[in-house]
Amino acid sequence: MAIVTIERKVLEKNDELAEQNRELFRKSATFVINLVSSPGSGKTSLLEKTIESLKGKIKIAVIEGDVQTDLDAQRVAKFDVPVVQLVTNGGCHLDAKLVQDAVSRLELDGVNLLVIENVGNLVCPAGYDLGEAMKVVVASTTEGDDKPLKYPAMFRNASVLIINKIDLLPYLNCNLAELKKNALQINPNLAVFEVSCTTGSGIKEWSDWLFART
Amino acid sequence: MHELSIAENVFEIAGESLIINRGKKLRSVKIKVGELAGVVPESLQFCFTAIAKGTAMEDAKLKIEKMPIIVHCFDCGKDSTVGNFIFQCPGCENPNVEVISGNELQVVEIEIDV
Ligand SMILES: Nc1nc2c(ncn2[C@@H]2O[C@H](COP(=O)(O)OP(=O)(O)OP(=O)(O)O)[C@@H](O)[C@H]2O)c(=O)[nH]1
Ligand SMILES: [Mg+2]
Ligand SMILES: [Zn+2]
């Protein structure tokens, strides 16, 4: 029997491809966000509102990641932006390779903002770098105020927290202050926005902030 | 279930080493898994065994070394282990810290029959 020392990162391949993606994005001066949340928190709704709000100001492209169907891509395509749908066929997260394939089907030149909507999942996408500039995590009021404590890695690795569905607060026992406190305890550097994709409240603040970064 | 994709990567890395070192059989793989990596050890072993079935790696045991979260405090300069995902310096109760350990997902070594 022999022992062989290895010391290699398990996801080294993914990290390498993510760096290649990052280099592509740098060359085309495209700001890239990786949009993550539990299923149904409102990633696509936020994307629709953000596109509406920034249309005419910057050029946006979208990569949609889902386990099945191209329903989200259909929703986004209505806004007349380039969109590529990735179907993971059961896979619980996007990886840098899938994104690289999707990017090869997009014309990045002149695109100021690329939004990658990840698969709805607060665990698995946390460890997979896609080459993005930042992760934006969406948590909706219907999920309760304890999500940051239950999924610390995702909230720790994100730069922005969007609290969505604030229109529903009167009907829920979700404590907004508690939700923010929990998130900031995990990650004090989070930029926090409170929005409702239904009423449009808070969308302008978020879009302006994002626009300033592109 | 990203354990499947992680197990595939472990399988590849261990397999490469096994071949380079002319091993006949893989006995075990030691993996460092940070507390923030979100990996369930039992499920990782299950996936690995399923992938390795019928190969020289099928009986390999994954030895998982759990890595706690360690933060570096920018104020006092100390490194401390923290529990319960409380990302602050236990000494100065300061959240101005950097996570220096806890995200690991690394193949450390393999045991092989030569
Ligand atoms: N009341 C209310 N409903 C919302 C809001 N935002 C989204 N929804 C609803 O929540 C549901 C899920 O929204 P989506 O945008 O599809 O969520 P998603 O995160 O993209 O979902 P997946 O891609 O399947 O993970 C839809 O029925 C939306 O209409 C909001 O601010 N308020
Ligand atoms: Mg969606
Ligand atoms: Zn300190």
# chains A, B, ... in the order shown; residues from 1 in each chain; ligands from 1
$ residues_around --residues "A:Asp15" --least-positions-apart "2" --cutoff "10 Å" --atoms "only C-alpha atoms" --output "PDB file with all heavy atoms, in the first residue's frame"
ATOM      1  N   LYS A   9      -7.844  21.044  -5.720  1.00  0.00           N
ATOM      2  CA  LYS A   9      -9.218  21.466  -5.465  1.00  0.00           C
ATOM      3  C   LYS A   9     -10.177  20.577  -6.242  1.00  0.00           C
ATOM      4  O   LYS A   9      -9.975  20.346  -7.442  1.00  0.00           O
ATOM      5  CB  LYS A   9      -9.423  22.905  -5.945  1.00  0.00           C
ATOM      6  CG  LYS A   9      -8.971  23.950  -4.973  1.00  0.00           C
ATOM      7  CD  LYS A   9      -9.445  25.307  -5.485  1.00  0.00           C
ATOM      8  CE  LYS A   9      -9.320  26.341  -4.396  1.00  0.00           C
ATOM      9  NZ  LYS A   9      -9.731  27.667  -4.902  1.00  0.00           N
ATOM     10  N   VAL A  10     -11.225  20.126  -5.604  1.00  0.00           N
ATOM     11  CA  VAL A  10     -12.181  19.245  -6.263  1.00  0.00           C
ATOM     12  C   VAL A  10     -12.799  19.940  -7.484  1.00  0.00           C
ATOM     13  O   VAL A  10     -12.993  19.340  -8.529  1.00  0.00           O
ATOM     14  CB  VAL A  10     -13.289  18.794  -5.288  1.00  0.00           C
ATOM     15  CG1 VAL A  10     -14.363  18.009  -6.017  1.00  0.00           C
ATOM     16  CG2 VAL A  10     -12.696  17.952  -4.162  1.00  0.00           C
ATOM     17  N   LEU A  11     -13.082  21.226  -7.340  1.00  0.00           N
ATOM     18  CA  LEU A  11     -13.745  21.952  -8.436  1.00  0.00           C
ATOM     19  C   LEU A  11     -12.753  22.778  -9.263  1.00  0.00           C
ATOM     20  O   LEU A  11     -13.117  23.801  -9.844  1.00  0.00           O
ATOM     21  CB  LEU A  11     -14.868  22.829  -7.879  1.00  0.00           C
ATOM     22  CG  LEU A  11     -16.009  22.046  -7.209  1.00  0.00           C
ATOM     23  CD1 LEU A  11     -17.068  22.988  -6.668  1.00  0.00           C
ATOM     24  CD2 LEU A  11     -16.639  21.040  -8.175  1.00  0.00           C
ATOM     25  N   GLU A  12     -11.501  22.300  -9.340  1.00  0.00           N
ATOM     26  CA  GLU A  12     -10.468  23.079 -10.052  1.00  0.00           C
ATOM     27  C   GLU A  12     -10.834  23.304 -11.523  1.00  0.00           C
ATOM     28  O   GLU A  12     -10.567  24.372 -12.070  1.00  0.00           O
ATOM     29  CB  GLU A  12      -9.103  22.380  -9.949  1.00  0.00           C
ATOM     30  CG  GLU A  12      -9.120  20.981 -10.559  1.00  0.00           C
ATOM     31  CD  GLU A  12      -7.796  20.230 -10.425  1.00  0.00           C
ATOM     32  OE1 GLU A  12      -6.938  20.650  -9.641  1.00  0.00           O
ATOM     33  OE2 GLU A  12      -7.647  19.206 -11.122  1.00  0.00           O
ATOM     34  N   LYS A  13     -11.468  22.315 -12.147  1.00  0.00           N
ATOM     35  CA  LYS A  13     -11.850  22.465 -13.561  1.00  0.00           C
ATOM     36  C   LYS A  13     -12.851  23.586 -13.711  1.00  0.00           C
ATOM     37  O   LYS A  13     -12.759  24.423 -14.600  1.00  0.00           O
ATOM     38  CB  LYS A  13     -12.471  21.157 -14.083  1.00  0.00           C
ATOM     39  CG  LYS A  13     -11.465  20.184 -14.588  1.00  0.00           C
ATOM     40  CD  LYS A  13     -11.906  19.589 -15.940  1.00  0.00           C
ATOM     41  CE  LYS A  13     -10.842  18.651 -16.460  1.00  0.00           C
ATOM     42  NZ  LYS A  13     -11.015  17.276 -15.916  1.00  0.00           N
ATOM     43  N   LEU A  17     -12.488  27.176 -15.786  1.00  0.00           N
ATOM     44  CA  LEU A  17     -13.425  27.641 -16.813  1.00  0.00           C
ATOM     45  C   LEU A  17     -14.063  28.965 -16.397  1.00  0.00           C
ATOM     46  O   LEU A  17     -14.303  29.840 -17.226  1.00  0.00           O
ATOM     47  CB  LEU A  17     -14.511  26.583 -17.065  1.00  0.00           C
ATOM     48  CG  LEU A  17     -14.015  25.308 -17.731  1.00  0.00           C
ATOM     49  CD1 LEU A  17     -15.094  24.237 -17.721  1.00  0.00           C
ATOM     50  CD2 LEU A  17     -13.583  25.594 -19.167  1.00  0.00           C
ATOM     51  N   ALA A  18     -14.331  29.112 -15.107  1.00  0.00           N
ATOM     52  CA  ALA A  18     -14.921  30.360 -14.606  1.00  0.00           C
ATOM     53  C   ALA A  18     -13.970  31.532 -14.861  1.00  0.00           C
ATOM     54  O   ALA A  18     -14.404  32.621 -15.252  1.00  0.00           O
ATOM     55  CB  ALA A  18     -15.234  30.250 -13.116  1.00  0.00           C
ATOM     56  N   GLU A  19     -12.668  31.291 -14.680  1.00  0.00           N
ATOM     57  CA  GLU A  19     -11.684  32.351 -14.955  1.00  0.00           C
ATOM     58  C   GLU A  19     -11.675  32.704 -16.439  1.00  0.00           C
ATOM     59  O   GLU A  19     -11.542  33.869 -16.808  1.00  0.00           O
ATOM     60  CB  GLU A  19     -10.287  31.941 -14.489  1.00  0.00           C
ATOM     61  CG  GLU A  19     -10.060  32.131 -12.985  1.00  0.00           C
ATOM     62  CD  GLU A  19     -10.561  33.466 -12.432  1.00  0.00           C
ATOM     63  OE1 GLU A  19     -10.319  34.527 -13.061  1.00  0.00           O
ATOM     64  OE2 GLU A  19     -11.217  33.458 -11.372  1.00  0.00           O
ATOM     65  N   GLN A  20     -11.820  31.682 -17.292  1.00  0.00           N
ATOM     66  CA  GLN A  20     -11.897  31.946 -18.741  1.00  0.00           C
ATOM     67  C   GLN A  20     -13.125  32.806 -19.052  1.00  0.00           C
ATOM     68  O   GLN A  20     -13.057  33.753 -19.836  1.00  0.00           O
ATOM     69  CB  GLN A  20     -11.984  30.640 -19.531  1.00  0.00           C
ATOM     70  CG  GLN A  20     -10.714  29.827 -19.518  1.00  0.00           C
ATOM     71  CD  GLN A  20     -10.902  28.474 -20.218  1.00  0.00           C
ATOM     72  OE1 GLN A  20     -11.909  28.224 -20.887  1.00  0.00           O
ATOM     73  NE2 GLN A  20      -9.914  27.601 -20.050  1.00  0.00           N
ATOM     74  N   ASN A  21     -14.244  32.466 -18.424  1.00  0.00           N
ATOM     75  CA  ASN A  21     -15.465  33.265 -18.626  1.00  0.00           C
ATOM     76  C   ASN A  21     -15.231  34.709 -18.183  1.00  0.00           C
ATOM     77  O   ASN A  21     -15.612  35.656 -18.864  1.00  0.00           O
ATOM     78  CB  ASN A  21     -16.630  32.683 -17.825  1.00  0.00           C
ATOM     79  CG  ASN A  21     -17.076  31.323 -18.346  1.00  0.00           C
ATOM     80  OD1 ASN A  21     -16.666  30.900 -19.422  1.00  0.00           O
ATOM     81  ND2 ASN A  21     -17.927  30.651 -17.572  1.00  0.00           N
ATOM     82  N   ASP A  95     -22.990  25.368 -13.898  1.00  0.00           N
ATOM     83  CA  ASP A  95     -21.548  25.415 -13.695  1.00  0.00           C
ATOM     84  C   ASP A  95     -20.911  26.242 -14.808  1.00  0.00           C
ATOM     85  O   ASP A  95     -21.583  26.659 -15.754  1.00  0.00           O
ATOM     86  CB  ASP A  95     -20.950  24.009 -13.582  1.00  0.00           C
ATOM     87  CG  ASP A  95     -21.175  23.170 -14.832  1.00  0.00           C
ATOM     88  OD1 ASP A  95     -21.207  23.748 -15.943  1.00  0.00           O
ATOM     89  OD2 ASP A  95     -21.327  21.949 -14.701  1.00  0.00           O
ATOM     90  N   ALA A  96     -19.610  26.485 -14.659  1.00  0.00           N
ATOM     91  CA  ALA A  96     -18.914  27.390 -15.573  1.00  0.00           C
ATOM     92  C   ALA A  96     -18.918  26.862 -17.010  1.00  0.00           C
ATOM     93  O   ALA A  96     -18.948  27.640 -17.964  1.00  0.00           O
ATOM     94  CB  ALA A  96     -17.485  27.612 -15.087  1.00  0.00           C
ATOM     95  N   LYS A  97     -18.926  25.528 -17.149  1.00  0.00           N
ATOM     96  CA  LYS A  97     -18.933  24.934 -18.494  1.00  0.00           C
ATOM     97  C   LYS A  97     -20.249  25.241 -19.213  1.00  0.00           C
ATOM     98  O   LYS A  97     -20.261  25.646 -20.375  1.00  0.00           O
ATOM     99  CB  LYS A  97     -18.737  23.413 -18.360  1.00  0.00           C
ATOM    100  CG  LYS A  97     -18.879  22.607 -19.634  1.00  0.00           C
ATOM    101  CD  LYS A  97     -17.598  22.673 -20.447  1.00  0.00           C
ATOM    102  CE  LYS A  97     -17.618  21.780 -21.674  1.00  0.00           C
ATOM    103  NZ  LYS A  97     -18.623  22.214 -22.660  1.00  0.00           N
ATOM    104  N   GLY A 127     -21.216  26.953  -4.403  1.00  0.00           N
ATOM    105  CA  GLY A 127     -19.813  26.598  -4.593  1.00  0.00           C
ATOM    106  C   GLY A 127     -19.317  26.692  -6.032  1.00  0.00           C
ATOM    107  O   GLY A 127     -18.140  26.504  -6.289  1.00  0.00           O
ATOM    108  N   TYR A 128     -20.218  26.983  -6.979  1.00  0.00           N
ATOM    109  CA  TYR A 128     -19.829  26.978  -8.386  1.00  0.00           C
ATOM    110  C   TYR A 128     -19.681  28.391  -8.931  1.00  0.00           C
ATOM    111  O   TYR A 128     -20.659  29.070  -9.198  1.00  0.00           O
ATOM    112  CB  TYR A 128     -20.837  26.187  -9.228  1.00  0.00           C
ATOM    113  CG  TYR A 128     -20.815  24.708  -8.907  1.00  0.00           C
ATOM    114  CD1 TYR A 128     -21.495  24.216  -7.796  1.00  0.00           C
ATOM    115  CD2 TYR A 128     -20.072  23.823  -9.681  1.00  0.00           C
ATOM    116  CE1 TYR A 128     -21.447  22.867  -7.480  1.00  0.00           C
ATOM    117  CE2 TYR A 128     -20.022  22.479  -9.371  1.00  0.00           C
ATOM    118  CZ  TYR A 128     -20.706  21.998  -8.268  1.00  0.00           C
ATOM    119  OH  TYR A 128     -20.653  20.679  -7.950  1.00  0.00           O
ATOM    120  N   ASP A 129     -18.424  28.809  -9.062  1.00  0.00           N
ATOM    121  CA  ASP A 129     -18.109  30.092  -9.670  1.00  0.00           C
ATOM    122  C   ASP A 129     -18.455  29.998 -11.154  1.00  0.00           C
ATOM    123  O   ASP A 129     -18.096  29.026 -11.817  1.00  0.00           O
ATOM    124  CB  ASP A 129     -16.608  30.343  -9.488  1.00  0.00           C
ATOM    125  CG  ASP A 129     -16.185  31.714  -9.974  1.00  0.00           C
ATOM    126  OD1 ASP A 129     -17.066  32.515 -10.352  1.00  0.00           O
ATOM    127  OD2 ASP A 129     -14.966  31.978  -9.976  1.00  0.00           O
ATOM    128  N   LEU A 130     -19.185  30.985 -11.668  1.00  0.00           N
ATOM    129  CA  LEU A 130     -19.531  30.986 -13.092  1.00  0.00           C
ATOM    130  C   LEU A 130     -18.687  31.998 -13.864  1.00  0.00           C
ATOM    131  O   LEU A 130     -18.749  32.055 -15.085  1.00  0.00           O
ATOM    132  CB  LEU A 130     -21.027  31.313 -13.273  1.00  0.00           C
ATOM    133  CG  LEU A 130     -22.030  30.450 -12.489  1.00  0.00           C
ATOM    134  CD1 LEU A 130     -23.455  30.928 -12.741  1.00  0.00           C
ATOM    135  CD2 LEU A 130     -21.878  28.974 -12.870  1.00  0.00           C
ATOM    136  N   GLY A 131     -17.930  32.811 -13.124  1.00  0.00           N
ATOM    137  CA  GLY A 131     -17.158  33.876 -13.742  1.00  0.00           C
ATOM    138  C   GLY A 131     -17.828  35.224 -13.550  1.00  0.00           C
ATOM    139  O   GLY A 131     -17.419  36.231 -14.115  1.00  0.00           O
TER     140      GLY A 131
END
$ interface_residues --of "chain B" --to "chain A" --cutoff "6 Å" --atoms "only C-alpha atoms" --output "ChimeraX atom specification"
/B:2,9-10,36,87,105-113
$ select_by_dssp --residues "chain B" --states "strand (DSSP E or B)" --output "number ranges by chain"
B: 25-34, 61-67, 69-73, 79-82, 97-101, 105-113
$ residues_near_ligand --ligand "ligand 3" --cutoff "12 Å" --atoms "only C-alpha atoms and all ligand atoms" --output "list in words"
Val71, His72, Cys73, Phe74, Asp75, Cys76, Gly77, Lys78, Asp79, Ser80, Thr81, Phe87, Gln88, Cys89, Pro90, Gly91, Cys92, Glu93, Asn94, Pro95, Asn96, Val97 and Glu98 of chain B
$ select_by_dssp --residues "chain B" --states "helix (DSSP H, G or I)" --output "PyMOL selection string"
chain B and resi 3-20+41-52
$ write_last_selection --atoms "C-alpha atoms" --output "mmCIF file, in the first residue's frame"
data_model
loop_
_atom_site.group_PDB
_atom_site.id
_atom_site.type_symbol
_atom_site.label_atom_id
_atom_site.label_comp_id
_atom_site.auth_asym_id
_atom_site.auth_seq_id
_atom_site.Cartn_x
_atom_site.Cartn_y
_atom_site.Cartn_z
ATOM 1 C CA GLU B 3 -22.691 15.659 -4.413
ATOM 2 C CA LEU B 4 -22.987 13.797 -7.713
ATOM 3 C CA SER B 5 -21.028 16.428 -9.598
ATOM 4 C CA ILE B 6 -18.497 16.645 -6.761
ATOM 5 C CA ALA B 7 -18.097 12.865 -6.712
ATOM 6 C CA GLU B 8 -17.431 12.919 -10.471
ATOM 7 C CA ASN B 9 -14.643 15.438 -9.969
ATOM 8 C CA VAL B 10 -13.149 13.412 -7.085
ATOM 9 C CA PHE B 11 -13.325 10.292 -9.265
ATOM 10 C CA GLU B 12 -11.402 12.025 -12.056
ATOM 11 C CA ILE B 13 -8.724 13.502 -9.820
ATOM 12 C CA ALA B 14 -8.166 10.253 -7.889
ATOM 13 C CA GLY B 15 -8.240 8.243 -11.138
ATOM 14 C CA GLU B 16 -5.544 10.394 -12.733
ATOM 15 C CA SER B 17 -3.274 9.866 -9.739
ATOM 16 C CA LEU B 18 -3.968 6.171 -9.634
ATOM 17 C CA ILE B 19 -2.854 5.807 -13.261
ATOM 18 C CA ILE B 20 0.212 8.053 -12.940
ATOM 19 C CA PRO B 41 -20.508 13.083 3.431
ATOM 20 C CA GLU B 42 -22.812 10.032 3.242
ATOM 21 C CA SER B 43 -24.291 11.190 0.006
ATOM 22 C CA LEU B 44 -20.844 11.922 -1.444
ATOM 23 C CA GLN B 45 -19.703 8.378 -0.608
ATOM 24 C CA PHE B 46 -22.874 6.944 -2.124
ATOM 25 C CA CYS B 47 -22.400 8.864 -5.375
ATOM 26 C CA PHE B 48 -18.705 8.001 -5.560
ATOM 27 C CA THR B 49 -19.336 4.273 -5.124
ATOM 28 C CA ALA B 50 -22.042 4.366 -7.800
ATOM 29 C CA ILE B 51 -19.748 6.109 -10.288
ATOM 30 C CA ALA B 52 -16.761 3.871 -9.482
#
$ residues_near_ligand --ligand "ligand 1" --cutoff "7 Å" --atoms "only C-alpha atoms and all ligand atoms" --output "JSON list (two decimals) with C-alpha atoms, in the first residue's frame"
[["chain", "number", "residue", "atom", "x", "y", "z"],
["A", 37, "SER", "CA", -32.65, 32.01, -4.68],
["A", 38, "SER", "CA", -34.96, 29.21, -3.56],
["A", 39, "PRO", "CA", -37.47, 28.09, -6.20],
["A", 40, "GLY", "CA", -40.10, 30.74, -6.76],
["A", 41, "SER", "CA", -38.62, 33.65, -4.79],
["A", 42, "GLY", "CA", -39.01, 35.84, -7.85],
["A", 43, "LYS", "CA", -35.75, 35.73, -9.82],
["A", 44, "THR", "CA", -37.48, 35.88, -13.20],
["A", 45, "SER", "CA", -39.95, 38.49, -11.98],
["A", 46, "LEU", "CA", -37.07, 40.65, -10.75],
["A", 66, "ASP", "CA", -33.65, 25.63, -15.18],
["A", 72, "ASP", "CA", -38.39, 31.43, -18.06],
["A", 119, "VAL", "CA", -31.48, 27.07, -10.84],
["A", 120, "GLY", "CA", -33.79, 27.70, -7.87],
["A", 164, "ASN", "CA", -38.86, 40.42, -2.62],
["A", 165, "LYS", "CA", -42.66, 40.26, -2.19],
["A", 166, "ILE", "CA", -42.78, 43.00, 0.43],
["A", 167, "ASP", "CA", -46.35, 43.68, -0.75],
["A", 168, "LEU", "CA", -47.30, 40.49, 1.10],
["A", 195, "VAL", "CA", -38.74, 45.28, -3.46],
["A", 196, "SER", "CA", -42.06, 44.09, -4.74],
["A", 197, "CYS", "CA", -42.11, 42.84, -8.29],
["A", 198, "THR", "CA", -45.89, 43.06, -8.19],
["A", 199, "THR", "CA", -46.25, 46.71, -7.21]]
$ residues_around --residues "A:Ile116" --least-positions-apart "2" --cutoff "6 Å" --atoms "only C-alpha atoms" --output "ChimeraX atom specification"
/A:34-35,62-63
$ closest_residue --among "A:Ser140, A:Asn118, A:Ser104, A:Ser53" --to "ligand 2" --atoms "only C-alpha atoms and all ligand atoms"
A:Asn118
$ atom_distance --atom1 "atom CA of A:Val192" --atom2 "atom CA of A:Ile162"
5.9 Å
$ residues_around --residues "A:Ile51" --least-positions-apart "6" --cutoff "12 Å" --atoms "only C-alpha atoms" --output "ChimeraX atom specification"
/A:44-45,57-62,75-82,113-115,203-204,206-208,210-211
$ write_last_selection --atoms "N, CA and C atoms" --output "mmCIF file, in the first residue's frame"
data_model
loop_
_atom_site.group_PDB
_atom_site.id
_atom_site.type_symbol
_atom_site.label_atom_id
_atom_site.label_comp_id
_atom_site.auth_asym_id
_atom_site.auth_seq_id
_atom_site.Cartn_x
_atom_site.Cartn_y
_atom_site.Cartn_z
ATOM 1 N N THR A 44 -37.061 35.483 -11.854
ATOM 2 C CA THR A 44 -37.477 35.880 -13.204
ATOM 3 C C THR A 44 -38.311 37.156 -13.156
ATOM 4 N N SER A 45 -39.155 37.269 -12.131
ATOM 5 C CA SER A 45 -39.955 38.488 -11.985
ATOM 6 C C SER A 45 -39.051 39.704 -11.803
ATOM 7 N N LYS A 57 -31.404 52.301 -21.635
ATOM 8 C CA LYS A 57 -30.202 52.873 -21.002
ATOM 9 C C LYS A 57 -28.975 52.015 -21.271
ATOM 10 N N ILE A 58 -29.140 50.681 -21.176
ATOM 11 C CA ILE A 58 -28.025 49.769 -21.408
ATOM 12 C C ILE A 58 -28.513 48.548 -22.170
ATOM 13 N N LYS A 59 -27.538 47.819 -22.738
ATOM 14 C CA LYS A 59 -27.875 46.591 -23.451
ATOM 15 C C LYS A 59 -27.737 45.402 -22.497
ATOM 16 N N ILE A 60 -28.802 44.604 -22.415
ATOM 17 C CA ILE A 60 -28.848 43.490 -21.473
ATOM 18 C C ILE A 60 -28.972 42.165 -22.221
ATOM 19 N N ALA A 61 -28.315 41.136 -21.729
ATOM 20 C CA ALA A 61 -28.519 39.773 -22.232
ATOM 21 C C ALA A 61 -28.752 38.863 -21.029
ATOM 22 N N VAL A 62 -29.390 37.719 -21.291
ATOM 23 C CA VAL A 62 -29.807 36.844 -20.193
ATOM 24 C C VAL A 62 -29.457 35.386 -20.492
ATOM 25 N N ARG A 75 -40.480 33.936 -21.043
ATOM 26 C CA ARG A 75 -40.915 35.153 -20.350
ATOM 27 C C ARG A 75 -39.978 36.316 -20.649
ATOM 28 N N VAL A 76 -38.669 36.030 -20.614
ATOM 29 C CA VAL A 76 -37.684 37.094 -20.806
ATOM 30 C C VAL A 76 -37.643 37.550 -22.267
ATOM 31 N N ALA A 77 -37.806 36.596 -23.195
ATOM 32 C CA ALA A 77 -37.725 36.928 -24.619
ATOM 33 C C ALA A 77 -38.794 37.944 -25.025
ATOM 34 N N LYS A 78 -39.906 37.973 -24.297
ATOM 35 C CA LYS A 78 -40.973 38.950 -24.578
ATOM 36 C C LYS A 78 -40.462 40.389 -24.472
ATOM 37 N N PHE A 79 -39.371 40.563 -23.707
ATOM 38 C CA PHE A 79 -38.826 41.914 -23.517
ATOM 39 C C PHE A 79 -37.795 42.256 -24.577
ATOM 40 N N ASP A 80 -37.688 41.361 -25.569
ATOM 41 C CA ASP A 80 -36.841 41.660 -26.707
ATOM 42 C C ASP A 80 -35.364 41.826 -26.327
ATOM 43 N N VAL A 81 -34.891 40.941 -25.441
ATOM 44 C CA VAL A 81 -33.456 40.909 -25.137
ATOM 45 C C VAL A 81 -32.933 39.517 -25.536
ATOM 46 N N PRO A 82 -31.649 39.442 -25.919
ATOM 47 C CA PRO A 82 -31.090 38.125 -26.257
ATOM 48 C C PRO A 82 -31.117 37.216 -25.026
ATOM 49 N N LEU A 113 -24.725 44.414 -19.553
ATOM 50 C CA LEU A 113 -25.133 43.630 -18.388
ATOM 51 C C LEU A 113 -25.600 42.252 -18.830
ATOM 52 N N LEU A 114 -24.991 41.225 -18.235
ATOM 53 C CA LEU A 114 -25.450 39.854 -18.475
ATOM 54 C C LEU A 114 -25.976 39.321 -17.157
ATOM 55 N N VAL A 115 -27.241 38.886 -17.174
ATOM 56 C CA VAL A 115 -27.821 38.299 -15.970
ATOM 57 C C VAL A 115 -27.924 36.792 -16.175
ATOM 58 N N ILE A 203 -37.953 48.861 -7.065
ATOM 59 C CA ILE A 203 -37.265 48.429 -8.283
ATOM 60 C C ILE A 203 -36.331 49.506 -8.814
ATOM 61 N N LYS A 204 -36.764 50.755 -8.693
ATOM 62 C CA LYS A 204 -35.936 51.846 -9.217
ATOM 63 C C LYS A 204 -34.614 51.943 -8.448
ATOM 64 N N TRP A 206 -32.971 49.630 -6.850
ATOM 65 C CA TRP A 206 -32.131 48.497 -7.234
ATOM 66 C C TRP A 206 -31.568 48.697 -8.644
ATOM 67 N N SER A 207 -32.416 49.093 -9.582
ATOM 68 C CA SER A 207 -31.968 49.253 -10.969
ATOM 69 C C SER A 207 -30.922 50.360 -11.086
ATOM 70 N N ASP A 208 -31.133 51.449 -10.355
ATOM 71 C CA ASP A 208 -30.164 52.547 -10.392
ATOM 72 C C ASP A 208 -28.809 52.078 -9.860
ATOM 73 N N LEU A 210 -27.672 49.040 -9.815
ATOM 74 C CA LEU A 210 -27.082 48.101 -10.770
ATOM 75 C C LEU A 210 -26.518 48.864 -11.969
ATOM 76 N N PHE A 211 -27.293 49.841 -12.444
ATOM 77 C CA PHE A 211 -26.883 50.654 -13.599
ATOM 78 C C PHE A 211 -25.530 51.319 -13.331
#
$ atom_distance --atom1 "atom CA of B:Lys25" --atom2 "atom CA of B:Lys61"
11.7 Å
$ closest_residue --among "A:Phe25, A:Leu71, A:Thr30, A:Val87" --to "ligand 2" --atoms "only C-alpha atoms and all ligand atoms"
A:Leu71
$ closest_residue --among "A:Glu117, A:Glu23, A:Glu52, A:Glu194" --to "ligand 2" --atoms "only C-alpha atoms and all ligand atoms"
A:Glu117
$ closest_residue --among "B:Val39, B:Val114, B:Ile70, B:Ile86" --to "A:Ala183" --atoms "only C-alpha atoms"
B:Ile86
$ residues_around --residues "A:Asn173" --least-positions-apart "5" --cutoff "9 Å" --atoms "only C-alpha atoms" --output "list in words"
Thr141, Thr142, Gly144 and Asp145 of chain A
